[in-house]
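Enquirer: Hey, dropping run_3.cif in here, mmCIF, C-alpha atoms and all ligand atoms:
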data_work
#
loop_
_atom_site.label_atom_id
_atom_site.label_comp_id
_atom_site.auth_asym_id
_atom_site.auth_seq_id
_atom_site.Cartn_x
_atom_site.Cartn_y
_atom_site.Cartn_z
CA MET A 623 -0.56 -226.20 -103.91
CA ILE A 624 0.39 -224.64 -100.57
CA SER A 625 -2.38 -224.22 -98.06
CA THR A 626 -2.96 -222.54 -94.71
CA ALA A 627 -6.22 -222.22 -92.80
CA LEU A 628 -6.70 -218.68 -94.18
CA SER A 629 -5.85 -219.52 -97.80
CA THR A 630 -8.34 -222.41 -97.67
CA LYS A 631 -11.03 -220.13 -96.22
CA LEU A 632 -10.37 -217.58 -98.98
CA GLY A 633 -10.50 -220.32 -101.63
CA LEU A 634 -6.90 -219.91 -102.83
CA ARG A 635 -4.48 -222.45 -104.33
CA VAL A 636 -1.50 -220.54 -102.91
CA PRO A 637 -1.31 -218.26 -99.83
CA ILE A 638 -0.35 -215.26 -101.97
CA ILE A 639 -2.25 -211.98 -102.00
CA GLN A 640 -1.64 -209.45 -104.78
CA ALA A 641 -1.73 -206.23 -102.78
CA PRO A 642 -4.47 -203.73 -103.53
CA MET A 643 -2.78 -200.72 -105.16
CA ALA A 644 -5.01 -197.68 -105.55
CA GLY A 645 -4.53 -195.17 -108.32
CA GLY A 646 -4.27 -197.60 -111.24
CA PRO A 647 -1.73 -200.39 -110.61
CA SER A 648 -4.27 -202.98 -109.37
CA SER A 649 -6.15 -202.91 -112.67
CA GLN A 650 -9.03 -205.24 -113.50
CA GLU A 651 -6.59 -207.16 -115.76
CA LEU A 652 -4.16 -207.71 -112.86
CA VAL A 653 -6.89 -208.72 -110.41
CA ALA A 654 -8.44 -211.20 -112.88
CA ALA A 655 -5.06 -212.72 -113.78
CA CYS A 656 -3.98 -213.15 -110.14
CA SER A 657 -7.30 -214.60 -108.98
CA ALA A 658 -7.53 -216.97 -111.96
CA ALA A 659 -3.99 -218.18 -111.17
CA GLY A 660 -5.02 -219.22 -107.64
CA ALA A 661 -3.76 -216.22 -105.66
CA LEU A 662 -6.05 -213.47 -104.31
CA GLY A 663 -6.45 -210.59 -106.75
CA CYS A 664 -7.24 -207.34 -104.92
CA PHE A 665 -8.74 -204.09 -106.12
CA GLY A 666 -7.36 -200.92 -104.52
CA PHE A 667 -10.50 -198.82 -105.01
CA ALA A 668 -9.62 -195.85 -102.77
CA TYR A 669 -9.78 -193.35 -105.64
CA THR A 670 -12.46 -195.17 -107.69
CA GLN A 671 -16.05 -193.94 -107.99
CA PRO A 672 -18.87 -196.44 -107.22
CA ALA A 673 -19.99 -196.85 -110.85
CA ASP A 674 -16.46 -197.77 -111.90
CA MET A 675 -16.06 -200.14 -108.95
CA GLU A 676 -19.13 -202.06 -110.16
CA LYS A 677 -17.92 -202.10 -113.77
CA GLN A 678 -14.46 -203.41 -112.90
CA ALA A 679 -15.78 -206.07 -110.51
CA ALA A 680 -18.22 -207.27 -113.21
CA TRP A 681 -15.36 -207.37 -115.74
CA VAL A 682 -13.40 -209.70 -113.46
CA ARG A 683 -16.46 -211.89 -112.81
CA GLU A 684 -16.99 -212.32 -116.56
CA ARG A 685 -13.50 -213.81 -116.79
CA THR A 686 -13.14 -215.88 -113.63
CA GLN A 687 -15.27 -217.34 -110.87
CA ALA A 688 -12.25 -217.17 -108.54
CA PRO A 689 -12.49 -215.02 -105.40
CA PHE A 690 -11.22 -211.44 -105.32
CA LEU A 691 -10.91 -208.69 -102.69
CA ILE A 692 -11.81 -205.01 -102.50
CA ASN A 693 -9.78 -202.55 -100.42
CA LEU A 694 -10.59 -198.95 -99.44
CA PHE A 695 -8.92 -196.16 -97.49
CA THR A 696 -11.33 -195.83 -94.57
CA SER A 697 -9.78 -192.64 -93.13
CA PRO A 698 -11.86 -189.41 -92.94
CA GLN A 699 -11.25 -186.56 -95.37
CA PRO A 700 -10.47 -182.96 -94.32
CA GLY A 701 -12.97 -180.20 -95.13
CA GLU A 702 -12.19 -177.02 -97.03
CA ILE A 703 -8.55 -175.89 -96.66
CA THR A 704 -8.36 -172.11 -96.72
CA ASN A 705 -4.69 -171.19 -96.94
CA GLN A 706 -3.14 -173.24 -99.75
CA ARG A 707 -0.68 -170.62 -101.04
CA ALA A 708 2.56 -172.09 -99.61
CA ALA A 709 1.74 -175.64 -100.76
CA LEU A 710 0.83 -174.40 -104.25
CA ASP A 711 3.96 -172.24 -104.52
CA ALA A 712 6.11 -175.24 -103.52
CA VAL A 713 5.08 -177.20 -106.64
CA ALA A 714 4.82 -174.22 -109.04
CA HIS A 715 8.22 -174.76 -110.68
CA PHE A 716 7.36 -178.40 -111.46
CA TYR A 717 4.03 -177.28 -112.98
CA ALA A 718 5.89 -174.74 -115.16
CA GLU A 719 8.47 -177.29 -116.30
CA LEU A 720 5.76 -179.67 -117.43
CA GLY A 721 3.83 -176.91 -119.23
CA LEU A 722 0.87 -177.09 -116.82
CA GLY A 723 0.51 -173.36 -116.04
CA ALA A 724 0.06 -172.27 -112.43
CA PRO A 725 -1.25 -174.74 -109.80
CA GLN A 726 -4.79 -173.90 -108.67
CA PRO A 727 -6.37 -174.25 -105.18
CA VAL A 728 -8.11 -177.59 -104.67
CA GLN A 729 -11.63 -178.08 -103.29
CA PRO A 730 -13.26 -180.93 -101.35
CA PRO A 731 -14.20 -183.66 -101.92
CA TYR A 732 -10.62 -184.77 -102.53
CA ALA A 733 -11.60 -188.42 -102.98
CA PRO A 734 -14.80 -190.40 -103.65
CA ASP A 735 -17.44 -190.54 -100.89
CA LEU A 736 -16.50 -193.39 -98.53
CA GLU A 737 -20.07 -194.20 -97.50
CA ALA A 738 -21.10 -194.59 -101.16
CA GLN A 739 -18.06 -196.79 -101.78
CA LEU A 740 -18.89 -199.00 -98.77
CA ALA A 741 -22.49 -199.36 -99.98
CA THR A 742 -21.09 -200.42 -103.38
CA VAL A 743 -18.92 -203.08 -101.71
CA GLU A 744 -22.13 -204.45 -100.14
CA ARG A 745 -23.68 -204.73 -103.61
CA ILE A 746 -20.59 -206.31 -105.20
CA ARG A 747 -20.01 -208.75 -102.30
CA PRO A 748 -16.40 -209.73 -103.02
CA ARG A 749 -14.97 -212.72 -101.10
CA ALA A 750 -13.00 -210.35 -98.88
CA PHE A 751 -12.64 -206.70 -97.96
CA THR A 752 -9.72 -204.90 -96.33
CA THR A 753 -9.18 -201.48 -94.81
CA HIS A 754 -6.13 -199.24 -95.13
CA LEU A 755 -5.21 -196.08 -93.16
CA ALA A 756 -8.01 -196.65 -90.60
CA ASP A 757 -10.32 -199.27 -89.14
CA LEU A 758 -14.03 -199.82 -89.72
CA PRO A 759 -16.93 -199.54 -87.26
CA ARG A 760 -17.87 -202.89 -85.71
CA GLU A 761 -21.41 -202.70 -87.15
CA ARG A 762 -20.06 -202.43 -90.69
CA VAL A 763 -17.66 -205.32 -90.08
CA LYS A 764 -20.62 -207.46 -88.97
CA LYS A 765 -22.71 -206.36 -91.95
CA PHE A 766 -19.96 -207.28 -94.42
CA GLN A 767 -19.49 -210.65 -92.71
CA SER A 768 -23.24 -211.32 -92.87
CA LEU A 769 -22.97 -210.81 -96.66
CA GLY A 770 -20.33 -213.54 -96.87
CA MET A 771 -17.17 -211.42 -96.87
CA LEU A 772 -14.06 -211.97 -94.79
CA VAL A 773 -12.90 -208.64 -93.36
CA GLY A 774 -9.24 -207.75 -92.85
CA GLY A 775 -7.31 -204.61 -92.00
CA ALA A 776 -3.77 -203.28 -92.14
CA ALA A 777 -1.83 -202.87 -88.91
CA THR A 778 1.65 -201.43 -88.46
CA THR A 779 1.82 -202.04 -84.70
CA VAL A 780 0.68 -204.68 -82.23
CA ALA A 781 -1.77 -202.14 -80.75
CA GLU A 782 -3.48 -201.67 -84.12
CA ALA A 783 -3.65 -205.43 -84.68
CA LYS A 784 -5.24 -205.96 -81.26
CA HIS A 785 -7.74 -203.21 -81.96
CA LEU A 786 -8.77 -204.87 -85.24
CA GLU A 787 -9.19 -208.20 -83.49
CA SER A 788 -11.38 -206.65 -80.82
CA ALA A 789 -13.47 -204.92 -83.51
CA GLY A 790 -14.32 -208.36 -84.94
CA PHE A 791 -12.01 -208.41 -87.98
CA ASP A 792 -11.33 -211.87 -89.50
CA PHE A 793 -7.64 -211.30 -90.26
CA VAL A 794 -4.93 -208.69 -89.95
CA ILE A 795 -2.27 -207.59 -92.43
CA ALA A 796 0.98 -206.86 -90.60
CA GLN A 797 2.54 -204.15 -92.77
CA GLY A 798 6.26 -203.92 -92.05
CA GLY A 799 8.34 -200.76 -92.50
CA GLU A 800 9.82 -202.15 -95.73
CA ALA A 801 6.47 -201.92 -97.53
CA GLY A 802 5.92 -199.88 -100.67
CA GLY A 803 3.10 -197.34 -100.87
CA HIS A 804 1.30 -195.67 -97.97
CA ARG A 805 2.10 -196.53 -94.39
CA GLY A 806 -1.12 -198.02 -93.02
CA THR A 807 -0.64 -196.47 -89.56
CA TRP A 808 -3.86 -195.12 -88.04
CA MET A 809 -3.09 -195.07 -84.29
CA GLY A 810 -0.22 -192.78 -83.27
CA ASP A 811 2.77 -191.43 -85.17
CA PRO A 812 3.58 -193.34 -88.39
CA TYR A 813 7.29 -192.66 -87.88
CA ASP A 814 7.10 -194.61 -84.58
CA ALA A 815 5.47 -197.51 -86.47
CA LEU A 816 8.22 -198.64 -88.84
CA THR A 817 8.92 -202.07 -87.31
CA GLY A 818 10.24 -204.40 -90.02
CA THR A 819 8.16 -207.25 -91.47
CA LEU A 820 10.18 -209.96 -89.70
CA ALA A 821 9.72 -208.52 -86.21
CA LEU A 822 6.15 -207.23 -86.76
CA THR A 823 4.81 -210.51 -88.18
CA ARG A 824 6.18 -212.41 -85.20
CA LEU A 825 4.93 -209.89 -82.64
CA VAL A 826 1.45 -209.67 -84.18
CA ALA A 827 1.16 -213.46 -84.56
CA ARG A 828 1.87 -213.77 -80.85
CA ALA A 829 -0.52 -210.98 -79.85
CA VAL A 830 -3.70 -211.94 -81.75
CA ARG A 831 -5.62 -215.14 -82.41
CA ILE A 832 -6.95 -214.13 -85.85
CA PRO A 833 -4.83 -215.09 -88.91
CA VAL A 834 -1.96 -212.80 -89.85
CA VAL A 835 -0.95 -211.81 -93.39
CA ALA A 836 2.59 -210.44 -93.74
CA ALA A 837 3.37 -207.52 -96.08
CA GLY A 838 6.48 -205.51 -96.85
CA GLY A 839 9.62 -206.36 -98.81
CA ILE A 840 8.43 -209.82 -99.93
CA MET A 841 9.43 -210.37 -103.55
CA ASP A 842 10.05 -214.10 -104.00
CA GLY A 843 9.39 -217.58 -102.62
CA ALA A 844 12.16 -217.29 -100.05
CA GLY A 845 10.37 -214.27 -98.59
CA ILE A 846 7.02 -216.07 -98.63
CA ALA A 847 8.50 -219.16 -96.95
CA ALA A 848 10.13 -216.91 -94.34
CA VAL A 849 6.87 -215.22 -93.31
CA LEU A 850 5.02 -218.56 -93.27
CA ALA A 851 7.70 -219.78 -90.86
CA LEU A 852 7.12 -216.67 -88.74
CA GLY A 853 3.47 -217.58 -88.31
CA ALA A 854 1.82 -215.69 -91.18
CA GLN A 855 -0.93 -217.53 -93.06
CA ALA A 856 -0.40 -215.61 -96.31
CA ALA A 857 1.97 -213.08 -97.85
CA GLN A 858 0.74 -209.84 -99.44
CA LEU A 859 3.02 -208.60 -102.25
CA GLY A 860 2.64 -205.20 -103.89
CA THR A 861 5.88 -204.13 -105.59
CA ALA A 862 6.44 -207.64 -107.04
CA PHE A 863 3.28 -207.28 -109.16
CA LEU A 864 3.91 -203.73 -110.43
CA PRO A 865 6.09 -204.72 -113.46
CA CYS A 866 3.55 -207.32 -114.69
CA PRO A 867 2.13 -206.45 -118.12
CA GLU A 868 -1.37 -206.60 -116.56
CA SER A 869 -0.56 -203.97 -113.92
CA GLY A 870 -1.76 -200.44 -114.54
CA ALA A 871 1.46 -198.86 -113.25
CA SER A 872 2.97 -196.38 -115.71
CA GLN A 873 5.80 -197.54 -117.98
CA VAL A 874 8.13 -195.05 -116.25
CA HIS A 875 7.32 -196.70 -112.91
CA LYS A 876 7.88 -200.22 -114.27
CA ASP A 877 11.17 -199.23 -115.91
CA ALA A 878 12.42 -197.57 -112.70
CA LEU A 879 11.67 -200.71 -110.66
CA LEU A 880 13.44 -202.99 -113.12
CA ALA A 881 16.48 -200.68 -113.24
CA THR A 882 16.98 -200.30 -109.49
CA GLU A 883 19.88 -202.31 -108.07
CA GLU A 884 19.59 -201.87 -104.32
CA ASP A 885 17.32 -200.19 -101.81
CA ASP A 886 16.93 -196.61 -102.99
CA THR A 887 13.54 -195.93 -101.43
CA ARG A 888 12.45 -193.05 -99.19
CA ILE A 889 9.35 -192.28 -97.17
CA THR A 890 7.70 -189.07 -98.33
CA GLU A 891 4.50 -187.19 -97.47
CA LYS A 892 4.83 -184.79 -100.38
CA PHE A 893 2.78 -186.67 -102.97
CA SER A 894 -0.39 -187.19 -100.90
CA GLY A 895 -0.05 -185.67 -97.42
CA LYS A 896 0.56 -189.05 -95.71
CA PRO A 897 3.85 -190.98 -95.49
CA ALA A 898 4.42 -193.48 -98.28
CA ARG A 899 7.50 -195.35 -99.51
CA GLY A 900 8.79 -194.97 -103.06
CA LEU A 901 11.96 -194.83 -105.15
CA ALA A 902 13.85 -191.60 -104.56
CA ASN A 903 13.43 -189.10 -107.41
CA ARG A 904 13.74 -185.38 -108.02
CA PHE A 905 10.30 -184.54 -106.58
CA ILE A 906 11.02 -186.35 -103.29
CA ARG A 907 14.46 -184.76 -102.96
CA GLU A 908 13.51 -181.19 -103.90
CA MET A 909 10.28 -181.22 -101.86
CA ALA A 910 11.87 -182.61 -98.68
CA ASP A 911 11.34 -179.44 -96.61
CA ALA A 912 8.41 -177.98 -98.55
CA PRO A 913 4.96 -177.26 -97.06
CA GLN A 914 2.08 -179.59 -97.94
CA LEU A 915 -1.69 -179.94 -97.53
CA ALA A 916 -3.42 -182.62 -95.44
CA PHE A 917 -4.11 -186.06 -96.94
CA PRO A 918 -5.60 -186.52 -99.49
CA ALA A 919 -5.82 -182.85 -100.57
CA GLN A 920 -2.08 -182.81 -101.33
CA SER A 921 -2.77 -185.65 -103.75
CA SER A 922 -5.20 -183.41 -105.65
CA ILE A 923 -2.40 -180.84 -106.04
CA THR A 924 0.18 -183.35 -107.29
CA SER A 925 -2.03 -185.57 -109.48
CA LYS A 926 -1.62 -183.37 -112.59
CA LEU A 927 2.15 -183.42 -112.10
CA ARG A 928 2.30 -187.18 -111.70
CA VAL A 929 0.21 -187.80 -114.81
CA ALA A 930 2.12 -185.27 -116.96
CA SER A 931 5.51 -186.53 -115.81
CA ALA A 932 4.60 -190.16 -116.61
CA LYS A 933 3.18 -189.12 -119.99
CA ALA A 934 6.42 -187.30 -120.81
CA GLY A 935 8.35 -190.47 -119.94
CA LYS A 936 10.15 -188.68 -117.08
CA PRO A 937 10.32 -190.22 -113.59
CA ASP A 938 10.97 -186.80 -111.96
CA CYS A 939 7.45 -186.16 -110.61
CA VAL A 940 5.99 -189.69 -110.67
CA ALA A 941 5.14 -191.38 -107.35
CA LEU A 942 7.36 -194.42 -107.87
CA TRP A 943 5.88 -196.41 -104.95
CA ALA A 944 8.15 -199.34 -104.10
CA GLY A 945 9.13 -201.52 -101.16
CA GLN A 946 12.69 -201.85 -99.92
CA ALA A 947 13.32 -205.06 -101.92
CA ALA A 948 12.25 -203.50 -105.25
CA ALA A 949 15.59 -204.47 -106.81
CA LEU A 950 14.28 -208.06 -106.88
CA SER A 951 11.54 -207.01 -109.36
CA ARG A 952 10.88 -209.31 -112.31
CA LYS A 953 9.05 -208.63 -115.55
CA LEU A 954 6.69 -211.61 -115.79
CA PRO A 955 3.01 -212.01 -116.65
CA ALA A 956 1.02 -212.31 -113.40
CA ALA A 957 0.13 -216.00 -113.81
CA GLU A 958 3.76 -216.89 -114.50
CA LEU A 959 4.94 -214.82 -111.54
CA ILE A 960 2.49 -216.65 -109.27
CA ARG A 961 3.61 -220.07 -110.59
CA THR A 962 7.24 -219.06 -110.04
CA LEU A 963 6.50 -217.77 -106.52
CA GLU A 964 4.76 -221.06 -105.71
CA GLN A 965 7.69 -223.18 -106.94
CA GLU A 966 10.21 -220.99 -105.11
CA THR A 967 8.20 -221.17 -101.88
CA ILE A 968 8.03 -224.97 -102.05
CA ALA A 969 11.77 -225.13 -102.80
CA ALA A 970 12.57 -222.80 -99.87
CA LEU A 971 10.36 -224.76 -97.45
CA ARG A 972 11.99 -228.04 -98.58
CA ALA A 973 15.50 -226.57 -98.35
CA GLY A 974 14.70 -225.47 -94.79
CA ALA A 975 13.45 -228.95 -93.87
CA ALA A 976 16.59 -230.51 -95.42
CA LEU A 977 18.75 -228.63 -92.90
CA VAL A 978 17.26 -230.74 -90.11
CA LYS A 979 19.51 -233.73 -89.27
CA GLU A 980 18.00 -236.39 -87.04
C1 LIG B 1001 1.92 -198.85 -105.78
C2 LIG B 1001 1.38 -199.26 -104.44
C3 LIG B 1001 0.10 -198.86 -104.08
C4 LIG B 1001 -0.47 -199.31 -102.88
N1 LIG B 1001 -1.77 -198.99 -102.58
C5 LIG B 1001 -2.38 -199.59 -101.52
C6 LIG B 1001 -3.80 -199.49 -101.34
O1 LIG B 1001 -4.51 -198.86 -102.11
N2 LIG B 1001 -4.33 -200.14 -100.29
C7 LIG B 1001 -3.58 -200.90 -99.41
O2 LIG B 1001 -4.14 -201.48 -98.48
N3 LIG B 1001 -2.26 -201.00 -99.57
C8 LIG B 1001 -1.65 -200.38 -100.60
N4 LIG B 1001 -0.30 -200.54 -100.79
C9 LIG B 1001 0.50 -201.27 -99.78
C10 LIG B 1001 0.39 -202.79 -99.95
O3 LIG B 1001 -0.85 -203.25 -99.46
C11 LIG B 1001 1.49 -203.55 -99.20
O4 LIG B 1001 1.50 -203.19 -97.84
C12 LIG B 1001 2.88 -203.33 -99.77
O5 LIG B 1001 2.86 -203.33 -101.17
C13 LIG B 1001 3.81 -204.41 -99.28
O6 LIG B 1001 5.14 -204.09 -99.55
P1 LIG B 1001 5.90 -204.46 -100.94
O7 LIG B 1001 5.46 -203.40 -101.89
O8 LIG B 1001 7.33 -204.39 -100.59
O9 LIG B 1001 5.41 -205.82 -101.36
C14 LIG B 1001 0.30 -200.10 -101.99
C15 LIG B 1001 1.60 -200.47 -102.35
C16 LIG B 1001 2.14 -200.07 -103.55
C17 LIG B 1001 3.53 -200.53 -103.91
#
Kindly return the structure encoded in the file as structure tokens.
Expert:
Amino acid sequence: MISTALSTKLGLRVPIIQAPMAGGPSSQELVAACSAAGALGCFGFAYTQPADMEKQAAWVRERTQAPFLINLFTSPQPGEITNQRAALDAVAHFYAELGLGAPQPVQPPYAPDLEAQLATVERIRPRAFTTHLADLPRERVKKFQSLGMLVGGAATTVAEAKHLESAGFDFVIAQGGEAGGHRGTWMGDPYDALTGTLALTRLVARAVRIPVVAAGGIMDGAGIAAVLALGAQAAQLGTAFLPCPESGASQVHKDALLATEEDDTRITEKFSGKPARGLANRFIREMADAPQLAFPAQSSITSKLRVASAKAGKPDCVALWAGQAAALSRKLPAAELIRTLEQETIAALRAGAALVKE
């Protein structure tokens, strides 16, 4: 057991958070396995309709009494987008290759209704809730807390972390530039907010009094021990959990992670309309200068491509989200991965202490 004030408050045996990963990877199987193993299993419910959110949460509760977390994208959606021609033309050759016909204009809503999702979170009452891509009004934070939830939010800068603290959040996730998936930036330009996990964790831990969770490029116990030493009270790992058999990531995605040998990731806006980090593939390279729609409408255009490409066993058009340390990926069941991470963290902390000579 490794404990910090935050991990104790969350009811965890180890200060490890399985990152919420919307779009399938953070499946009910993965969440249940991680929570039952003493880490915090997290649902990434950004693209999940309320009825399904309730079903999946109930499924986990049938299998474990352990705490879990729900995460949503709290950013607003754009309205109708009139001129989509250039963005559709840019992906037309990929559609043709995969036998999908011509890409069609997309209509709002591009994602489930946020207000309905937030109301569903109030009914489910998970142990914790976190925001991504935006903050949450203070009143809602208070409401969630009054229902027994701890509320956290992603920050990619000190300014965002301070804002979350002043809005009453219980903890902040410092998302370093190494992180896989979407950049959580919601104040200012995301390309000015790529501070690495090491520097960001330290800067945020100094700037706020609420607990800090570090995320980005953490794949093993050495990484967890490092961020604990920097002042984080837990580590949030996304990429490390993708190859687990319980994860809902596609086989193509899992295979690509296990095959990668060094950092071959890029940040691209072309899959969803917002910057996100993933393994470089044909889609990222060929779309580099192509026009795109606003987030998440671009995602509606590319979803067919991503699904068809994964189904065909081709990584070309799959969003292979991955952090910069993806080459350290391991293919282990979630419970075994968590046990291994715990042992490695203890070993790294002890090895550090052994360097001290009195
Ligand atoms: C496939 C994938 C999907 C992600 N989806 C979400 C999400 O829905 N919500 C969220 O808060 N973070 C999401 N993230 C970001 C993680 O919370 C976290 O910042 C990141 O995984 C940390 O970097 P690492 O992947 O190197 O561990 C996602 C990350 C990945 C890899």
Enquirer: Tell me which of A:Gln678, A:Gln687, A:Gln797, A:Gln965 sits closest to His754 of chain A, counting only C-alpha atoms.
Expert: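 Counting only C-alpha atoms, the residue closest to His754 of chain A is A:Gln797.
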Enquirer: For each of A:Ile923, A:Leu864, A:Ile960, A:Leu722, take the minimum atom-to-atom distance to ligand LIG 1001 (chain B), counting all atoms listed in the file, then give the residue where this is smallest.
Expert: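 Using all atoms listed in the file, ligand LIG 1001 (chain B) sits closest to A:Leu864.
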Enquirer: How would you write, as a list in words, the set of residues no farther than 6 Å from ligand LIG 1001 (chain B) when counting all atoms listed in the file?
Expert: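 Protein and nucleic-acid residues within 6 Å of ligand LIG 1001 (chain B): Ala641, Pro642, Met643, Ala644, Gly666, Ala668, Asn693, His754, Gln797, Glu800, Ala801, Gly802, Gly803, His804, Ala837, Gly838, Gly839, Ile840, Leu859, Gly860, Thr861, Trp943, Ala944, Gly945 and Gln946 of chain A.
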Enquirer: Give me the residues within 12 Å of Ala910 of chain A as a PDB file with C-alpha atoms, keeping the file's coordinate frame, counting all atoms listed in the file and dropping any in the same chain fewer than 6 places off.
Expert:
ATOM      1  CA  ALA A 712       6.110-175.240-103.520  1.00  0.00           C
ATOM      2  CA  VAL A 713       5.080-177.200-106.640  1.00  0.00           C
ATOM      3  CA  ARG A 888      12.450-193.050 -99.190  1.00  0.00           C
ATOM      4  CA  ILE A 889       9.350-192.280 -97.170  1.00  0.00           C
ATOM      5  CA  THR A 890       7.700-189.070 -98.330  1.00  0.00           C
ATOM      6  CA  GLU A 891       4.500-187.190 -97.470  1.00  0.00           C
ATOM      7  CA  LYS A 892       4.830-184.790-100.380  1.00  0.00           C
ATOM      8  CA  PHE A 893       2.780-186.670-102.970  1.00  0.00           C
ATOM      9  CA  ALA A 902      13.850-191.600-104.560  1.00  0.00           C
ATOM     10  CA  ASN A 903      13.430-189.100-107.410  1.00  0.00           C
ATOM     11  CA  ARG A 904      13.740-185.380-108.020  1.00  0.00           C
TER      12      ARG A 904
END
Enquirer: Counting all atoms listed in the file, which residues come within 9 Å of (-1.9, -214.1, -92.8), with the point read in the file's coordinates, and could you list them as a ChimeraX atom specification?
Expert: /A:626,628-629,637,793-796,823,827,832-836,849-850,853-858
Enquirer: Could you name the residues that touch Asp885 of chain A at 7 Å or less, counting all atoms listed in the file, but leaving out those on the same chain fewer than 5 positions away, as number ranges by chain?
Expert: A: 946-949
Enquirer: The selected residues should be written to file as a compact mmCIF listing (two decimals), keeping the file's coordinate frame (atoms: C-alpha atoms).
Expert:
# COMPACT_ATOMS: atom_id res chain seq x y z
CA GLN A 946 12.69 -201.85 -99.92
CA ALA A 947 13.32 -205.06 -101.92
CA ALA A 948 12.25 -203.50 -105.25
CA ALA A 949 15.59 -204.47 -106.81
Enquirer: Name the closest residue to Ala661 of chain A among the candidates A:Ala969, A:Ala930, A:Leu959, A:Leu740; distances are taken between atoms, counting all atoms listed in the file.
Expert: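 Of A:Ala969, A:Ala930, A:Leu959, A:Leu740, the one nearest Ala661 of chain A, counting all atoms listed in the file, is A:Leu959.
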Enquirer: Work out how far apart atom CA of Pro759 of chain A and atom CA of Thr742 of chain A are and give it in Å to one decimal.
Expert: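 If I compute the distance from atom CA of Pro759 of chain A to atom CA of Thr742 of chain A, I get 16.7 Å.
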Enquirer: Would you place a box with edges along x, y and z of the file around all atoms of segment 841-856 of chain A listed there, add 5 Å to each of its six sides, and report the centre and edge lengths in Å to one decimal, as JSON?
Expert:
{"center_x": 5.6, "center_y": -215.1, "center_z": -96.2, "size_x": 23.1, "size_y": 19.4, "size_z": 25.7}
Enquirer: Choose the residue, out of A:Arg928, A:Arg972, A:Lys953, A:Lys764, that has the smallest atom-to-atom separation from Asp792 of chain A; count only C-alpha atoms.
Expert: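 The answer is A:Lys764, which sits nearest to Asp792 of chain A.
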Enquirer: Which residues are close to Leu816 of chain A, i.e. within 9 Å by all atoms listed in the file, leaving aside same-chain residues fewer than 5 positions away? Reply as a list in words.
Expert: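 Near Leu816 of chain A, the qualifying residues are Thr778, Thr779, Gln797, Gly798, Gly799, Glu800 and Arg805 of chain A.
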Enquirer: Separation of atom CA of Gly770 of chain A and atom CA of Ala783 of chain A, in Å?
Expert: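 Between atom CA of Gly770 of chain A and atom CA of Ala783 of chain A the gap works out to 22.2 Å.
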Enquirer: Which is closest to Gln920 of chain A among A:Ala844, A:Ala708, A:Gly790, A:Trp808, if we use all atoms listed in the file?
Expert: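 The closest residue to Gln920 of chain A is A:Ala708.
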Enquirer: Counting only C-alpha atoms, figure out which residue out of A:Arg749, A:Thr924, A:Ala673, A:Arg685 gets nearest to Leu634 of chain A.
Expert: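 Checking each of A:Arg749, A:Thr924, A:Ala673, A:Arg685 against Leu634 of chain A, counting only C-alpha atoms, the winner is A:Arg749.
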